[in-house]
Amino acid sequence: MTDFNVEQESDFDWLANFYASQGAINHPCELHGLLIGRLSGGERLNADEWLRLVVEHMGLEQLVQDDKSERALTNLVELYTNNVQQLEEMAMGFSLVLPDDEFILSQRVEALGMWVRGFLEGLALSAKGQLQTAESDIQELLRDLVAISQIDDQAEDSEDAEKEINEIIEYVRIGVVTVFSEFNGQEEPEDDQSKTLH
């Protein structure tokens, strides 16, 4: 979860509510994965490009303009800048935008699969030819992510399944930071990074 909250909503909650209110055709978790994939492949977006990507992902011509959408646009820009900062600083605060443990396990597993599919798509778009020439450990990690993107969401709620999904989410999170480091030429955490989007 990022540093800001909207009436104590998690990032997933407000983003899911925004998607629902706009009649979006795709999953909000996939959007966050898509963003992180594009950032990890070395791409940076300005505010207009990012918001166009959001509308396109929703499958809309344009947003329904109201007070909620204005607030959501502000949140979306903050989501972008917070994630760029956390990734560039290799911050432990970086996390996947996913439903929390109040949701049933099958919904959380489905959301994780969607997130990873979005990530892989965004990475393929931004890293392009670099993926084929990446180090073998990165190639192996990407194969793991492909497998996770096809995860079975029919899991029954149980303590073991709960533990397993949390371990997979943490594996993906660490994997994302590793991929980001690989394609953004970062060896050490950087404190003073210029941001494209303000």
# chains A, B, ... in the order shown; residues from 1 in each chain; ligands from 1
>>> residues_around(residues="stretch 94-109 of chain A", least_positions_apart="6", cutoff="7 Å", atoms="only C-alpha atoms", output="list in words")
Met1, Asp11, Phe12, Cys29, His32, Asn83, Gln86, Leu87, Asp153, Gln154, Ala155, Asp157 and Arg173 of chain A
>>> atom_distance(atom1="atom CA of A:Gly41", atom2="atom CA of A:Leu123")
5.1 Å
>>> residues_around(residues="A:Arg38", least_positions_apart="4", cutoff="6 Å", atoms="only C-alpha atoms", output="list of chain:residue names")
A:Glu43, A:Gly122, A:Leu123, A:Ser126
>>> residues_around(residues="A:Ala20", least_positions_apart="6", cutoff="12 Å", atoms="only C-alpha atoms", output="ChimeraX atom specification")
/A:12-14,26-28,58,63-64,68-69
>>> write_last_selection(atoms="C-alpha atoms", output="PDB file, in the first residue's frame")
ATOM      1  CA  PHE A  12      -6.934  -1.590  -4.391  1.00  0.00           C
ATOM      2  CA  ASP A  13     -10.265  -0.443  -2.934  1.00  0.00           C
ATOM      3  CA  TRP A  14     -10.313   3.036  -4.442  1.00  0.00           C
ATOM      4  CA  ASN A  26     -10.604  -4.854 -17.391  1.00  0.00           C
ATOM      5  CA  HIS A  27      -9.313  -5.676 -13.908  1.00  0.00           C
ATOM      6  CA  PRO A  28      -7.771  -2.848 -11.828  1.00  0.00           C
ATOM      7  CA  MET A  58     -10.467   0.555 -18.940  1.00  0.00           C
ATOM      8  CA  LEU A  63     -13.854   9.076 -18.459  1.00  0.00           C
ATOM      9  CA  VAL A  64     -17.195   9.971 -16.950  1.00  0.00           C
ATOM     10  CA  LYS A  68     -15.109  10.955  -7.844  1.00  0.00           C
ATOM     11  CA  SER A  69     -13.249  10.784 -11.157  1.00  0.00           C
TER      12      SER A  69
END
>>> closest_residue(among="A:Gly42, A:Glu9, A:Glu156, A:Leu53", to="A:Asn75", atoms="only C-alpha atoms")
A:Glu9
>>> closest_residue(among="A:Ala24, A:Met92, A:Leu79, A:Ala161", to="A:Ser10", atoms="only C-alpha atoms")
A:Leu79
>>> decode(residues="stretch 62-155 of chain A", atoms="C-alpha atoms", output="CSV table (one decimal), in the first residue's frame")
chain,number,residue,atom,x,y,z
A,62,GLN,CA,-13.1,8.9,-22.2
A,63,LEU,CA,-13.9,9.1,-18.5
A,64,VAL,CA,-17.2,10.0,-16.9
A,65,GLN,CA,-16.4,13.3,-15.4
A,66,ASP,CA,-17.6,13.8,-11.8
A,67,ASP,CA,-16.2,14.6,-8.4
A,68,LYS,CA,-15.1,11.0,-7.8
A,69,SER,CA,-13.2,10.8,-11.2
A,70,GLU,CA,-11.4,14.0,-10.4
A,71,ARG,CA,-10.3,12.7,-7.1
A,72,ALA,CA,-9.3,9.4,-8.7
A,73,LEU,CA,-7.2,11.2,-11.3
A,74,THR,CA,-5.2,12.9,-8.5
A,75,ASN,CA,-4.8,9.5,-6.8
A,76,LEU,CA,-3.6,7.9,-10.0
A,77,VAL,CA,-0.9,10.5,-10.5
A,78,GLU,CA,0.2,10.0,-6.9
A,79,LEU,CA,0.1,6.2,-7.4
A,80,TYR,CA,2.5,6.6,-10.4
A,81,THR,CA,4.9,9.0,-8.6
A,82,ASN,CA,5.0,6.9,-5.4
A,83,ASN,CA,5.7,3.7,-7.4
A,84,VAL,CA,8.5,5.3,-9.4
A,85,GLN,CA,10.1,6.6,-6.2
A,86,GLN,CA,9.8,3.3,-4.3
A,87,LEU,CA,11.2,1.3,-7.2
A,88,GLU,CA,14.1,3.7,-7.9
A,89,GLU,CA,15.0,3.8,-4.2
A,90,MET,CA,14.5,0.0,-3.9
A,91,ALA,CA,12.1,0.8,-1.1
A,92,MET,CA,10.7,-2.0,1.0
A,93,GLY,CA,7.4,0.0,0.9
A,94,PHE,CA,6.8,-1.1,-2.7
A,95,SER,CA,3.9,-3.5,-2.9
A,96,LEU,CA,1.5,-4.9,-5.5
A,97,VAL,CA,-2.0,-3.4,-5.6
A,98,LEU,CA,-4.1,-6.4,-4.7
A,99,PRO,CA,-7.2,-7.1,-2.7
A,100,ASP,CA,-6.4,-7.7,1.0
A,101,ASP,CA,-7.1,-10.7,3.1
A,102,GLU,CA,-10.7,-9.7,3.7
A,103,PHE,CA,-11.4,-10.9,0.2
A,104,ILE,CA,-11.9,-14.6,-0.4
A,105,LEU,CA,-8.9,-16.5,-1.5
A,106,SER,CA,-10.1,-17.3,-5.0
A,107,GLN,CA,-10.6,-13.5,-5.7
A,108,ARG,CA,-7.1,-12.8,-4.4
A,109,VAL,CA,-5.6,-15.5,-6.5
A,110,GLU,CA,-7.4,-14.3,-9.6
A,111,ALA,CA,-6.2,-10.7,-8.9
A,112,LEU,CA,-2.6,-11.9,-8.5
A,113,GLY,CA,-2.8,-13.7,-11.9
A,114,MET,CA,-4.2,-10.6,-13.5
A,115,TRP,CA,-1.5,-8.4,-11.9
A,116,VAL,CA,1.3,-10.6,-13.2
A,117,ARG,CA,-0.3,-10.8,-16.7
A,118,GLY,CA,-0.3,-7.0,-16.7
A,119,PHE,CA,3.3,-6.8,-15.5
A,120,LEU,CA,4.5,-9.2,-18.2
A,121,GLU,CA,2.6,-7.3,-20.9
A,122,GLY,CA,4.0,-3.9,-19.7
A,123,LEU,CA,7.5,-5.3,-19.5
A,124,ALA,CA,7.3,-6.8,-23.0
A,125,LEU,CA,6.1,-3.5,-24.4
A,126,SER,CA,8.9,-1.4,-22.7
A,127,ALA,CA,11.9,-3.7,-22.6
A,128,LYS,CA,11.3,-5.1,-26.1
A,129,GLY,CA,14.5,-6.9,-27.4
A,130,GLN,CA,16.3,-6.7,-24.0
A,131,LEU,CA,14.3,-9.6,-22.6
A,132,GLN,CA,15.9,-12.1,-25.0
A,133,THR,CA,19.4,-11.1,-24.0
A,134,ALA,CA,18.8,-10.8,-20.2
A,135,GLU,CA,20.8,-12.8,-17.7
A,136,SER,CA,19.8,-16.4,-17.2
A,137,ASP,CA,18.5,-15.7,-13.6
A,138,ILE,CA,16.2,-13.0,-15.1
A,139,GLN,CA,15.0,-15.4,-17.8
A,140,GLU,CA,14.2,-18.0,-15.1
A,141,LEU,CA,12.3,-15.4,-13.0
A,142,LEU,CA,10.3,-14.4,-16.1
A,143,ARG,CA,9.4,-18.1,-16.7
A,144,ASP,CA,8.2,-18.3,-13.1
A,145,LEU,CA,6.1,-15.2,-13.6
A,146,VAL,CA,4.5,-16.6,-16.7
A,147,ALA,CA,3.6,-19.7,-14.7
A,148,ILE,CA,2.2,-17.5,-11.8
A,149,SER,CA,0.1,-15.5,-14.4
A,150,GLN,CA,-1.7,-18.8,-15.2
A,151,ILE,CA,-2.4,-19.6,-11.5
A,152,ASP,CA,-5.5,-21.6,-10.7
A,153,ASP,CA,-8.1,-19.4,-8.9
A,154,GLN,CA,-10.2,-22.4,-7.7
A,155,ALA,CA,-8.2,-22.7,-4.5
